[in-house]
>>> print(open('data-v3.txt').read())   # compact mmCIF, C-alpha atoms
# COMPACT_ATOMS: atom_id res chain seq x y z
CA MET A 8 3.88 -26.56 9.88
CA GLU A 9 0.43 -26.42 8.35
CA PHE A 10 -0.02 -28.17 5.02
CA ARG A 11 -1.37 -25.78 2.38
CA ASN A 12 -3.99 -27.16 0.04
CA TYR A 13 -3.21 -25.18 -3.08
CA TYR A 14 -6.01 -26.89 -5.02
CA GLN A 15 -8.53 -25.74 -2.43
CA ILE A 16 -7.13 -22.19 -2.46
CA LEU A 17 -7.62 -21.97 -6.23
CA ASP A 18 -10.87 -23.95 -6.00
CA VAL A 19 -9.88 -26.54 -8.61
CA ALA A 20 -9.83 -30.35 -8.66
CA LYS A 21 -6.55 -32.23 -8.31
CA THR A 22 -7.05 -33.38 -11.87
CA ALA A 23 -7.42 -29.80 -13.20
CA THR A 24 -5.74 -29.06 -16.50
CA ALA A 25 -3.28 -26.19 -16.94
CA GLU A 26 -6.02 -24.17 -18.65
CA GLU A 27 -8.45 -24.80 -15.78
CA ILE A 28 -5.81 -23.66 -13.29
CA ARG A 29 -5.12 -20.53 -15.32
CA LYS A 30 -8.84 -19.67 -15.42
CA ALA A 31 -9.28 -20.39 -11.70
CA TYR A 32 -6.29 -18.19 -10.87
CA ARG A 33 -7.68 -15.28 -12.89
CA LYS A 34 -11.05 -15.67 -11.20
CA GLN A 35 -9.50 -15.59 -7.73
CA ALA A 36 -7.12 -12.78 -8.71
CA ARG A 37 -10.08 -10.68 -9.78
CA LYS A 38 -11.89 -11.44 -6.52
CA TYR A 39 -8.99 -10.66 -4.22
CA HIS A 40 -6.94 -8.12 -6.18
CA PRO A 41 -6.09 -5.51 -3.50
CA ASP A 42 -6.78 -2.62 -5.87
CA VAL A 43 -10.42 -3.54 -6.37
CA SER A 44 -11.46 -6.12 -3.79
CA LYS A 45 -13.77 -5.14 -0.95
CA GLU A 46 -12.89 -8.28 1.03
CA PRO A 47 -11.27 -7.24 4.34
CA ASP A 48 -8.46 -9.80 4.02
CA ALA A 49 -7.94 -9.33 0.28
CA GLU A 50 -4.22 -8.71 0.45
CA MET A 51 -3.55 -11.87 2.47
CA ARG A 52 -5.83 -13.96 0.27
CA MET A 53 -4.14 -12.62 -2.86
CA LYS A 54 -0.77 -13.75 -1.50
CA GLU A 55 -2.18 -17.24 -0.95
CA VAL A 56 -3.64 -17.27 -4.44
CA ASN A 57 -0.33 -16.11 -5.95
CA GLU A 58 1.52 -18.79 -4.02
CA ALA A 59 -0.90 -21.53 -5.07
CA ASN A 60 -0.63 -20.40 -8.68
CA ALA A 61 3.17 -20.26 -8.52
CA VAL A 62 3.14 -23.96 -7.67
CA LEU A 63 0.22 -25.36 -9.64
CA SER A 64 0.97 -23.49 -12.88
CA ASP A 65 4.52 -24.85 -12.96
CA PRO A 66 4.49 -28.55 -14.02
CA GLU A 67 7.72 -29.29 -12.14
CA LYS A 68 6.63 -27.68 -8.89
CA ARG A 69 3.15 -29.14 -9.20
CA ALA A 70 4.54 -32.67 -9.56
CA ALA A 71 6.77 -32.17 -6.53
CA TYR A 72 3.88 -30.71 -4.51
CA ASP A 73 1.58 -33.61 -5.47
CA GLN A 74 4.21 -36.07 -4.31
CA ALA A 75 4.60 -34.29 -0.96
CA GLY A 76 0.80 -34.11 -0.61
CA SER A 77 0.35 -37.82 -1.27
CA ARG A 78 2.32 -38.59 1.91
CA TYR A 79 0.43 -36.08 4.01
CA ARG A 80 -2.46 -37.16 6.27
CA PRO A 81 -5.04 -34.50 7.27
CA GLY A 82 -4.64 -33.32 10.85
CA GLU A 83 -0.91 -34.08 10.93
CA GLU A 84 1.81 -31.48 11.20
CA PHE A 85 3.41 -31.24 7.80
CA GLN A 86 7.16 -31.83 7.47
CA PRO A 87 8.91 -32.23 4.12
CA PRO A 88 10.13 -35.83 3.71
CA PRO A 89 13.80 -36.35 4.68
CA ASP A 90 14.75 -37.03 1.06
CA TRP A 91 12.83 -33.99 -0.09
CA GLY A 92 14.37 -32.13 -3.00
CA THR A 93 16.03 -35.13 -4.55
CA GLY A 94 14.70 -36.41 -7.81
CA PHE A 95 13.37 -33.07 -8.98
CA GLU A 96 15.07 -30.60 -11.20
CA TYR A 97 13.81 -27.05 -11.51
CA SER A 98 14.43 -25.09 -14.66
CA GLY A 99 13.55 -21.66 -13.24
CA ASP A 100 15.29 -19.82 -10.48
CA GLY A 101 13.16 -21.45 -7.87
CA ALA A 102 11.52 -19.39 -5.21
CA SER A 103 12.27 -16.10 -6.91
CA GLY A 104 10.43 -17.03 -10.07
CA ALA A 105 8.16 -14.98 -12.23
CA TYR A 106 5.49 -14.75 -9.58
CA GLY A 107 6.57 -11.67 -7.79
CA ASP A 108 7.96 -11.31 -4.34
CA SER A 109 8.67 -14.79 -3.03
CA ALA A 110 9.56 -13.18 0.29
CA GLU A 111 5.81 -12.91 0.76
CA PHE A 112 5.26 -16.65 0.34
CA SER A 113 4.63 -18.95 3.29
CA ASP A 114 7.02 -21.07 5.35
CA PHE A 115 5.29 -24.06 3.75
CA PHE A 116 6.32 -22.84 0.28
CA SER A 117 9.87 -22.12 1.44
CA SER A 118 10.17 -25.58 2.99
CA LEU A 119 9.21 -27.22 -0.29
CA PHE A 120 10.83 -25.01 -2.88
CA GLY A 121 13.38 -22.99 -1.01
CA GLN A 122 16.26 -25.16 -2.17
CA ALA A 123 15.36 -24.85 -5.81
CA GLY A 124 17.76 -22.01 -6.41
CA GLY A 125 20.61 -23.73 -4.62
CA GLY A 126 22.55 -24.30 -7.80
CA ARG A 127 23.34 -20.64 -7.91
CA GLY A 128 26.09 -20.92 -5.34
CA ALA A 129 28.41 -18.29 -4.02
CA GLY A 130 31.31 -17.59 -6.30
CA GLU A 131 29.60 -18.70 -9.47
CA HIS A 132 28.60 -15.17 -10.29
CA ARG A 133 28.03 -11.89 -8.61
CA ALA A 134 24.52 -10.50 -8.41
CA ARG A 135 22.74 -7.76 -6.52
CA GLY A 136 20.08 -8.90 -4.06
CA GLY A 137 16.42 -8.26 -4.83
CA ASP A 138 14.53 -5.20 -3.63
CA HIS A 139 11.73 -5.72 -1.11
CA HIS A 140 8.51 -3.79 -0.61
CA ALA A 141 6.40 -3.31 2.49
CA LYS A 142 3.71 -0.95 3.73
CA VAL A 143 4.03 1.08 6.90
CA MET A 144 1.16 2.78 8.75
CA ILE A 145 1.90 6.04 10.56
CA GLU A 146 -0.08 8.67 12.42
CA LEU A 147 -0.78 11.90 10.56
CA ALA A 148 1.10 13.78 13.29
CA ASP A 149 4.23 11.78 12.34
CA ALA A 150 4.17 13.44 8.90
CA TYR A 151 4.20 16.83 10.62
CA ASN A 152 6.98 16.15 13.09
CA GLY A 153 8.85 13.09 11.83
CA ALA A 154 9.00 9.99 14.02
CA VAL A 155 10.80 6.75 14.66
CA GLN A 156 8.64 3.76 13.77
CA THR A 157 9.40 0.17 14.73
CA ILE A 158 8.34 -2.28 12.04
CA THR A 159 8.47 -6.06 11.91
CA LEU A 160 8.95 -7.76 8.56
CA ARG A 161 9.05 -11.37 7.48
CA ALA A 162 11.48 -12.14 4.70
CA ALA A 163 13.01 -15.17 2.99
CA ARG A 164 16.81 -15.30 3.09
CA LEU A 165 19.42 -17.76 1.89
CA ASP A 166 21.36 -19.52 4.64
CA PRO A 167 25.06 -20.35 4.07
CA ALA A 168 24.09 -23.71 2.55
CA GLY A 169 21.91 -21.98 -0.02
CA HIS A 170 18.59 -22.91 1.59
CA VAL A 171 15.81 -20.39 1.85
CA VAL A 172 14.77 -19.72 5.43
CA THR A 173 12.05 -17.37 6.57
CA GLU A 174 13.01 -15.00 9.30
CA GLU A 175 11.42 -12.13 11.12
CA ARG A 176 13.30 -8.93 11.70
CA THR A 177 12.52 -5.73 13.48
CA LEU A 178 13.70 -2.40 12.17
CA LYS A 179 13.59 1.05 13.65
CA VAL A 180 12.97 3.48 10.83
CA GLN A 181 13.15 7.25 10.80
CA ILE A 182 9.93 8.57 9.24
CA PRO A 183 10.94 11.86 7.61
CA LYS A 184 8.99 15.00 8.35
CA GLY A 185 6.81 15.96 5.37
CA VAL A 186 6.11 12.45 4.08
CA ARG A 187 2.88 12.12 2.07
CA GLU A 188 0.33 9.33 1.77
CA GLY A 189 1.58 6.75 -0.74
CA GLN A 190 5.14 8.06 -0.79
CA HIS A 191 8.04 5.60 -0.57
CA ILE A 192 10.97 5.59 1.83
CA ARG A 193 13.94 3.77 0.38
CA LEU A 194 16.25 2.00 2.82
CA ALA A 195 19.46 1.12 1.04
CA GLY A 196 20.82 -2.38 1.65
CA GLN A 197 17.78 -3.63 3.60
CA GLY A 198 16.46 -5.92 0.84
CA SER A 199 17.72 -9.43 0.01
CA PRO A 200 21.44 -10.09 0.44
CA GLY A 201 23.46 -10.20 -2.78
CA PHE A 202 25.04 -13.31 -4.30
CA GLY A 203 28.76 -13.89 -4.65
CA GLY A 204 29.65 -10.64 -2.92
CA GLY A 205 27.06 -8.57 -4.78
CA ALA A 206 25.37 -5.67 -3.01
CA ALA A 207 22.21 -6.20 -0.97
CA GLY A 208 18.93 -4.98 -2.44
CA ASP A 209 16.92 -2.10 -1.03
CA LEU A 210 13.74 -2.01 1.04
CA TYR A 211 10.95 0.29 -0.13
CA LEU A 212 8.41 1.29 2.51
CA GLU A 213 5.14 2.66 1.16
CA VAL A 214 3.74 5.08 3.71
CA HIS A 215 0.06 5.19 4.64
CA PHE A 216 -1.72 7.19 7.32
CA ARG A 217 -3.82 5.43 9.95
CA PRO A 218 -7.43 6.51 9.36
CA ASP A 219 -8.43 9.24 11.77
CA PRO A 220 -12.07 10.36 11.69
CA ARG A 221 -11.02 13.89 12.62
CA TYR A 222 -8.88 14.48 9.55
CA ARG A 223 -9.11 13.98 5.79
CA VAL A 224 -5.92 14.14 3.78
CA GLU A 225 -5.55 15.33 0.18
CA GLY A 226 -1.90 15.51 -0.87
CA ARG A 227 -0.32 17.83 1.69
CA ASP A 228 -3.63 19.54 2.49
CA ILE A 229 -5.62 18.50 5.54
CA HIS A 230 -9.37 18.94 6.00
CA GLU A 231 -10.77 18.95 9.50
CA SER A 232 -14.38 19.32 10.66
CA LEU A 233 -14.75 22.06 13.25
CA PRO A 234 -17.89 21.88 15.39
CA VAL A 235 -19.04 25.34 16.60
CA THR A 236 -21.99 26.57 18.66
CA PRO A 237 -24.74 28.61 16.96
CA TRP A 238 -23.63 31.74 18.86
CA GLU A 239 -19.96 31.26 17.86
CA ALA A 240 -21.07 30.97 14.23
CA ALA A 241 -23.54 33.88 14.42
CA LEU A 242 -21.56 36.34 16.52
CA GLY A 243 -18.02 35.31 15.71
CA ALA A 244 -15.53 33.97 18.24
CA THR A 245 -11.93 33.08 18.88
CA ILE A 246 -11.70 29.38 19.71
CA GLU A 247 -9.03 26.81 20.48
CA VAL A 248 -8.77 24.07 17.83
CA PRO A 249 -6.73 20.87 18.10
CA THR A 250 -4.84 20.15 14.85
CA PRO A 251 -2.26 17.50 13.90
CA ALA A 252 0.41 20.12 14.62
CA GLY A 253 -0.99 20.99 18.05
CA SER A 254 -3.60 23.46 19.25
CA VAL A 255 -4.12 26.76 17.44
CA ARG A 256 -6.39 29.72 18.15
CA VAL A 257 -8.77 30.45 15.30
CA ASN A 258 -11.08 33.37 14.60
CA VAL A 259 -14.53 32.22 13.49
CA PRO A 260 -16.02 35.11 11.47
CA SER A 261 -19.46 36.32 12.48
CA GLY A 262 -22.32 35.21 10.25
CA SER A 263 -20.72 31.81 9.54
CA GLN A 264 -22.80 28.81 8.48
CA THR A 265 -22.21 25.08 8.37
CA GLY A 266 -19.85 24.20 5.49
CA ARG A 267 -17.86 27.43 5.60
CA LYS A 268 -14.17 26.68 5.09
CA LEU A 269 -11.45 28.47 6.99
CA ARG A 270 -8.02 28.10 5.41
CA LEU A 271 -5.01 28.09 7.71
CA LYS A 272 -2.15 28.71 5.32
CA GLU A 273 0.84 26.37 5.56
CA ARG A 274 -0.65 24.47 8.49
CA GLY A 275 -0.93 21.27 6.44
CA ILE A 276 1.83 18.70 5.98
CA PRO A 277 5.20 20.46 5.79
CA GLY A 278 7.10 20.37 2.50
CA LYS A 279 7.85 22.36 -0.61
CA PRO A 280 5.28 23.82 -0.81
CA HIS A 281 3.70 23.42 2.61
CA GLY A 282 0.17 22.07 2.65
CA ASP A 283 -2.76 24.05 4.04
CA LEU A 284 -5.20 23.13 6.79
CA TYR A 285 -8.88 23.60 5.98
CA LEU A 286 -11.32 23.84 8.87
CA VAL A 287 -14.86 23.06 7.78
CA LEU A 288 -17.38 24.63 10.14
CA GLU A 289 -20.21 22.49 11.43
CA VAL A 290 -22.82 24.33 13.49
CA VAL A 291 -24.02 22.05 16.27
CA LEU A 292 -27.29 22.83 18.07
CA PRO A 293 -27.40 22.34 21.83
CA PRO A 294 -30.17 19.88 22.77
CA ALA A 295 -33.35 21.28 24.30
CA ALA A 296 -32.83 18.96 27.22
CA THR A 297 -33.51 21.34 30.14
CA ASP A 298 -36.30 23.80 30.92
CA LYS A 299 -33.85 26.68 30.49
CA ALA A 300 -32.72 25.46 27.07
CA ARG A 301 -36.30 24.91 25.98
CA GLN A 302 -37.20 28.48 27.11
CA LEU A 303 -34.33 29.94 25.10
CA TYR A 304 -35.43 28.09 21.95
CA GLU A 305 -39.03 29.23 22.53
CA THR A 306 -37.84 32.82 22.89
CA MET A 307 -35.91 32.57 19.61
CA ALA A 308 -38.94 31.05 17.89
CA ARG A 309 -41.09 33.89 19.11
CA GLU A 310 -38.68 36.77 18.63
CA MET A 311 -36.69 35.92 15.51
CA ASP A 312 -38.11 36.35 12.06
CA PHE A 313 -36.27 33.48 10.40
CA ASN A 314 -37.38 31.07 7.69
CA PRO A 315 -34.61 28.69 6.54
CA ARG A 316 -36.92 27.32 3.79
CA GLN A 317 -37.51 30.67 2.13
CA GLY A 318 -35.41 29.63 -0.87
CA MET A 319 -37.69 26.62 -1.37
CA GLY A 320 -40.73 28.86 -1.73
CA ALA A 321 -42.09 27.71 1.61
CA MET B 9 24.21 -2.76 13.03
CA THR B 10 22.31 -3.42 16.24
CA ARG B 11 18.58 -3.78 16.65
CA ASP B 12 18.45 -0.35 18.21
CA ASP B 13 20.04 1.48 15.28
CA ILE B 14 17.63 3.85 13.62
CA LEU B 15 17.58 3.53 9.85
CA ALA B 16 17.24 6.78 7.98
CA GLY B 17 15.99 6.25 4.46
CA VAL B 18 15.67 8.43 1.43
CA LEU B 19 12.26 9.87 0.61
CA LEU B 20 11.46 9.19 -3.02
CA ASP B 21 10.61 12.39 -4.89
CA GLU B 22 13.32 14.22 -2.98
CA VAL B 23 15.59 11.75 -4.77
CA ALA B 24 14.27 10.23 -8.01
CA LEU B 25 14.87 6.66 -9.14
CA SER B 26 17.07 6.06 -12.19
CA LEU B 27 15.99 3.64 -14.90
CA ASP B 28 18.06 0.81 -13.45
CA GLU B 29 16.86 1.50 -9.91
CA MET B 30 13.27 1.55 -11.10
CA ALA B 31 13.75 -1.78 -12.88
CA CYS B 32 15.38 -3.31 -9.78
CA ALA B 33 12.60 -2.04 -7.52
CA CYS B 34 10.02 -3.68 -9.79
CA ALA B 35 12.05 -6.89 -10.36
CA VAL B 36 11.88 -6.42 -14.14
CA GLU B 37 14.43 -5.82 -16.88
CA PRO B 38 15.13 -2.14 -17.70
CA ASN B 39 13.70 -2.85 -21.15
CA TRP B 40 10.29 -3.55 -19.59
CA VAL B 41 10.33 -0.01 -18.16
CA VAL B 42 11.63 1.54 -21.41
CA GLU B 43 8.86 -0.11 -23.44
CA ARG B 44 6.13 1.17 -21.11
CA VAL B 45 7.57 4.69 -21.00
CA GLU B 46 7.92 4.83 -24.78
CA ALA B 47 4.35 3.60 -25.14
CA GLY B 48 3.15 6.35 -22.79
CA PHE B 49 1.95 3.95 -20.08
CA LEU B 50 4.45 5.08 -17.48
CA GLY B 51 6.42 8.20 -16.61
CA ASP B 52 6.42 11.69 -17.98
CA VAL B 53 5.86 11.71 -21.71
CA SER B 54 5.04 15.11 -23.14
CA LEU B 55 4.50 15.83 -26.83
CA GLY B 56 5.67 12.34 -27.63
CA GLN B 57 9.16 13.10 -26.36
CA ILE B 58 10.66 11.29 -23.40
CA THR B 59 12.01 14.10 -21.30
CA ARG B 60 13.69 12.21 -18.49
CA TRP B 61 14.60 8.78 -17.21
CA GLN B 62 13.88 9.49 -13.58
CA PHE B 63 10.95 8.14 -11.67
CA THR B 64 8.89 9.31 -8.70
CA SER B 65 7.09 7.51 -5.90
CA THR B 66 3.83 7.71 -7.84
CA GLU B 67 5.46 6.16 -10.91
CA LEU B 68 6.93 3.34 -8.83
CA ALA B 69 3.46 2.55 -7.46
CA ARG B 70 2.03 2.68 -11.00
CA ALA B 71 4.75 0.42 -12.40
CA ARG B 72 4.08 -2.17 -9.67
CA ARG B 73 0.36 -1.97 -10.43
CA LEU B 74 1.02 -2.49 -14.17
CA ILE B 75 3.18 -5.52 -13.38
CA ALA B 76 0.54 -7.01 -11.09
CA VAL B 77 -2.25 -6.60 -13.63
CA GLU B 78 -0.15 -7.94 -16.50
CA ARG B 79 0.93 -10.93 -14.40
CA ASP B 80 -2.28 -11.76 -12.57
CA PHE B 81 -4.57 -11.52 -15.59
CA ASP B 82 -2.17 -12.27 -18.45
CA ALA B 83 -3.08 -8.77 -19.60
CA ASN B 84 -1.24 -7.06 -22.44
CA PRO B 85 0.46 -3.74 -21.54
CA GLU B 86 -2.30 -1.64 -23.13
CA LEU B 87 -5.02 -3.31 -21.09
CA ALA B 88 -2.94 -3.14 -17.89
CA ALA B 89 -2.42 0.61 -18.47
CA LEU B 90 -6.16 1.09 -18.98
CA VAL B 91 -6.90 -0.77 -15.73
CA ALA B 92 -4.26 1.31 -13.91
CA ASP B 93 -5.76 4.54 -15.34
CA LEU B 94 -9.21 3.54 -14.12
CA ILE B 95 -7.97 2.54 -10.65
CA GLU B 96 -6.08 5.83 -10.33
CA GLU B 97 -9.15 7.78 -11.45
CA VAL B 98 -11.28 5.99 -8.84
CA GLU B 99 -8.64 6.78 -6.20
CA ARG B 100 -8.66 10.46 -7.20
CA LEU B 101 -12.47 10.63 -7.03
CA LYS B 102 -12.51 8.82 -3.68
CA ALA B 103 -9.95 11.29 -2.32
CA ARG B 104 -12.11 14.22 -3.50
CA LEU B 105 -15.22 12.72 -1.91
CA ASN B 106 -13.28 12.09 1.26
CA ALA B 107 -11.92 15.64 1.32
CA ALA B 108 -15.48 16.92 0.87
CA GLY B 109 -16.55 14.79 3.83
CA LEU B 110 -18.94 12.74 1.71
CA PRO B 111 -19.45 9.01 2.28
CA LEU B 112 -18.18 6.64 -0.41
CA ALA B 113 -21.33 4.57 -0.67
>>> encode(input="data-v3.txt", output="structure tokens")
Amino acid sequence: MEFRNYYQILDVAKTATAEEIRKAYRKQARKYHPDVSKEPDAEMRMKEVNEANAVLSDPEKRAAYDQAGSRYRPGEEFQPPPDWGTGFEYSGDGASGAYGDSAEFSDFFSSLFGQAGGGRGAGEHRARGGDHHAKVMIELADAYNGAVQTITLRAARLDPAGHVVTEERTLKVQIPKGVREGQHIRLAGQGSPGFGGGAAGDLYLEVHFRPDPRYRVEGRDIHESLPVTPWEAALGATIEVPTPAGSVRVNVPSGSQTGRKLRLKERGIPGKPHGDLYLVLEVVLPPAATDKARQLYETMAREMDFNPRQGMGA
Amino acid sequence: MTRDDILAGVLLDEVALSLDEMACACAVEPNWVVERVEAGFLGDVSLGQITRWQFTSTELARARRLIAVERDFDANPELAALVADLIEEVERLKARLNAAGLPLA
């Protein structure tokens, strides 16, 4: 297991005061906060920062971590000492402290602090397990038709001896038809197990669509660019258009220009009410790459009385 | 349950979260939620009256954002709500730009 240098993650000295750690944490939290950060790995870095802060801001955990670190030699695989966990007493509820979802913390954290909640043994009291949260990426077409998605999650669980162990699990989840970006699917009983016979918590999956350059999503409405030829736009045409719900035949009205929106009612994401599909026309000019094409453009230039800059006074 | 079982969940908004469920989902006490609803930082407050104690997907996401800002920056609830308002406004504007096919930068 890799040793985690929490001081390095927060960019503070080992001698840092509690106030210095608090300031360093805020600075890193601002830098990597997933809501505002432009760093590509912001979410992962924020988890590291949260984990480092959970340890270094707690005097008991920090002392225990410093002791473990003093025995560690760089380059070695880290293993908690055999007598690890003795001689320290934790006043909080250990891994599930005030720092959010400890299920997101590393194996390294679990190996050091996973036993901290062991005093809360089975039979002492009954408590519901905690709820978990995860994000799931789906294709836009899955929102139209529904789908089964296989997801892999890492979660911390208590073993029968009360130790926290990290385990990976794979779930097959039904993605309901009509789901919107940002909406949650709640899976009852898929969170942390309960204590003393209490019910398991729930798992909340926050749904996001994989970016697709063809489509832009706004609620249940979908916007799609539709390239057309100049003659289809000028003369009108019936054309075949691929959409997230499959191909449809669309009438392009004559006299259309780039930017014209065609609304296909109730062809957006299904629901109450159904979304609409907006096709945004984009007139694409064929290149003058052959003699024939060049001749046709020259004929138009000669024969057509057309000035697109008339409105500019040109 | 075997690995091959397909889990069918409930889509939030088709079923709303109760106060206790919302608190559980956010790992906070119900009173934390009540205080933010009564202060107008969370949920549907119209004309100063709390009309319901049921919460949607959007409100769950907002509550988790409020918690993260309060926790990560030691922010008071008012400041966290202001930050959440601004983030949501930026998201709305980005969505409108995106729908209009305009680049973000």
>>> closest_atom_pairs(input="data-v3.txt", of="chain B", to="chain A", cutoff="8 Å", atoms="all atoms listed in the file", output="tab-separated table")
residue	atom	partner	partner_atom	distance
B:Arg11	CA	A:Leu178	CA	6.8
B:Asp12	CA	A:Lys179	CA	6.8
B:Asp13	CA	A:Lys179	CA	6.7
B:Ile14	CA	A:Lys179	CA	4.9
B:Leu15	CA	A:Val180	CA	4.7
B:Ala16	CA	A:Gln181	CA	5.0
B:Gly17	CA	A:Leu194	CA	4.6
B:Val18	CA	A:Arg193	CA	5.1
B:Leu19	CA	A:Ile192	CA	4.6
B:Leu20	CA	A:His191	CA	5.5
B:Cys32	CA	A:Asp138	CA	6.5
B:Ala33	CA	A:Asp138	CA	5.4
B:Cys34	CA	A:Asp138	CA	7.8
B:Ala35	CA	A:Gly137	CA	7.2
B:Ser65	CA	A:Gln190	CA	5.5
B:Thr66	CA	A:Gln190	CA	7.2
B:Arg79	CA	A:Tyr106	CA	7.7
B:Asp80	CA	A:Ala36	CA	6.3
B:Phe81	CA	A:Arg33	CA	5.6
B:Ile95	CA	A:Asp42	CA	7.1
B:Ala103	CA	A:Glu225	CA	6.5
B:Arg104	CA	A:Glu225	CA	7.6
B:Asn106	CA	A:Arg223	CA	6.4
B:Ala107	CA	A:Arg223	CA	5.5
B:Gly109	CA	A:Arg223	CA	7.7
>>> atom_distance(input="data-v3.txt", atom1="CA of Glu188 in chain A", atom2="CA of His215 in chain A")
5.0 Å
>>> residues_near_point(input="data-v3.txt", point="(-15.2, -25.7, -10.2)", cutoff="12 Å", atoms="only C-alpha atoms", output="VMD selection string")
chain A and resid 14 to 24 27 to 28 30 to 32 34 to 35
>>> closest_residue(input="data-v3.txt", among="A:Ala141, A:Ala25, A:Leu269, A:Ile246", to="Arg161 in chain A", atoms="all atoms listed in the file")
A:Ala141
>>> residues_around(input="data-v3.txt", residues="Leu50 in chain B", least_positions_apart="3", cutoff="12 Å", atoms="all atoms listed in the file", output="ChimeraX atom specification")
/B:27,30,40-47,53-54,58,60-64,66-75,85-86,88-90,92-93
>>> atom_distance(input="data-v3.txt", atom1="CA of Gln317 in chain A", atom2="CA of Leu303 in chain A")
23.2 Å
>>> atom_distance(input="data-v3.txt", atom1="CA of Leu25 in chain B", atom2="CA of Asp82 in chain B")
27.1 Å
>>> closest_residue(input="data-v3.txt", among="A:Arg217, A:Gly278, A:Glu305, A:Ser64", to="Glu146 in chain A", atoms="only C-alpha atoms")
A:Arg217
>>> closest_residue(input="data-v3.txt", among="A:Met319, A:Met51, A:Leu284, A:Leu271", to="Arg227 in chain A", atoms="only C-alpha atoms")
A:Leu284
>>> closest_residue(input="data-v3.txt", among="A:Ile276, A:Ala134, A:Ala295, A:Ala71", to="Gly204 in chain A", atoms="all atoms listed in the file")
A:Ala134
>>> build_atoms(input="data-v3.txt", residues="range 28-43 of chain B", atoms="N, CA and C atoms", output="mmCIF file, in the frame of the given file")
data_model
loop_
_atom_site.group_PDB
_atom_site.id
_atom_site.type_symbol
_atom_site.label_atom_id
_atom_site.label_comp_id
_atom_site.auth_asym_id
_atom_site.auth_seq_id
_atom_site.Cartn_x
_atom_site.Cartn_y
_atom_site.Cartn_z
ATOM 1 N N ASP B 28 17.633 2.102 -14.006
ATOM 2 C CA ASP B 28 18.060 0.810 -13.450
ATOM 3 C C ASP B 28 17.472 0.582 -12.057
ATOM 4 N N GLU B 29 17.431 1.641 -11.262
ATOM 5 C CA GLU B 29 16.860 1.500 -9.910
ATOM 6 C C GLU B 29 15.377 1.164 -9.983
ATOM 7 N N MET B 30 14.698 1.813 -10.921
ATOM 8 C CA MET B 30 13.270 1.550 -11.100
ATOM 9 C C MET B 30 13.058 0.081 -11.496
ATOM 10 N N ALA B 31 13.874 -0.393 -12.423
ATOM 11 C CA ALA B 31 13.750 -1.780 -12.880
ATOM 12 C C ALA B 31 14.011 -2.745 -11.727
ATOM 13 N N CYS B 32 15.053 -2.460 -10.944
ATOM 14 C CA CYS B 32 15.380 -3.310 -9.780
ATOM 15 C C CYS B 32 14.221 -3.323 -8.797
ATOM 16 N N ALA B 33 13.676 -2.143 -8.523
ATOM 17 C CA ALA B 33 12.600 -2.040 -7.520
ATOM 18 C C ALA B 33 11.363 -2.803 -7.963
ATOM 19 N N CYS B 34 11.197 -2.961 -9.268
ATOM 20 C CA CYS B 34 10.020 -3.680 -9.790
ATOM 21 C C CYS B 34 10.350 -5.120 -10.165
ATOM 22 N N ALA B 35 11.604 -5.535 -9.989
ATOM 23 C CA ALA B 35 12.050 -6.890 -10.360
ATOM 24 C C ALA B 35 11.741 -7.193 -11.831
ATOM 25 N N VAL B 36 12.036 -6.215 -12.694
ATOM 26 C CA VAL B 36 11.880 -6.420 -14.140
ATOM 27 C C VAL B 36 13.170 -5.955 -14.826
ATOM 28 N N GLU B 37 13.292 -6.296 -16.100
ATOM 29 C CA GLU B 37 14.430 -5.820 -16.880
ATOM 30 C C GLU B 37 14.213 -4.338 -17.215
ATOM 31 N N PRO B 38 15.294 -3.554 -17.337
ATOM 32 C CA PRO B 38 15.130 -2.140 -17.700
ATOM 33 C C PRO B 38 14.311 -1.964 -18.995
ATOM 34 N N ASN B 39 14.434 -2.950 -19.885
ATOM 35 C CA ASN B 39 13.700 -2.850 -21.150
ATOM 36 C C ASN B 39 12.185 -2.840 -20.942
ATOM 37 N N TRP B 40 11.730 -3.543 -19.904
ATOM 38 C CA TRP B 40 10.290 -3.550 -19.590
ATOM 39 C C TRP B 40 9.846 -2.108 -19.295
ATOM 40 N N VAL B 41 10.666 -1.391 -18.515
ATOM 41 C CA VAL B 41 10.330 -0.010 -18.160
ATOM 42 C C VAL B 41 10.375 0.878 -19.401
ATOM 43 N N VAL B 42 11.451 0.705 -20.206
ATOM 44 C CA VAL B 42 11.630 1.540 -21.410
ATOM 45 C C VAL B 42 10.414 1.381 -22.333
ATOM 46 N N GLU B 43 9.991 0.136 -22.532
ATOM 47 C CA GLU B 43 8.860 -0.110 -23.440
ATOM 48 C C GLU B 43 7.589 0.591 -22.953
#
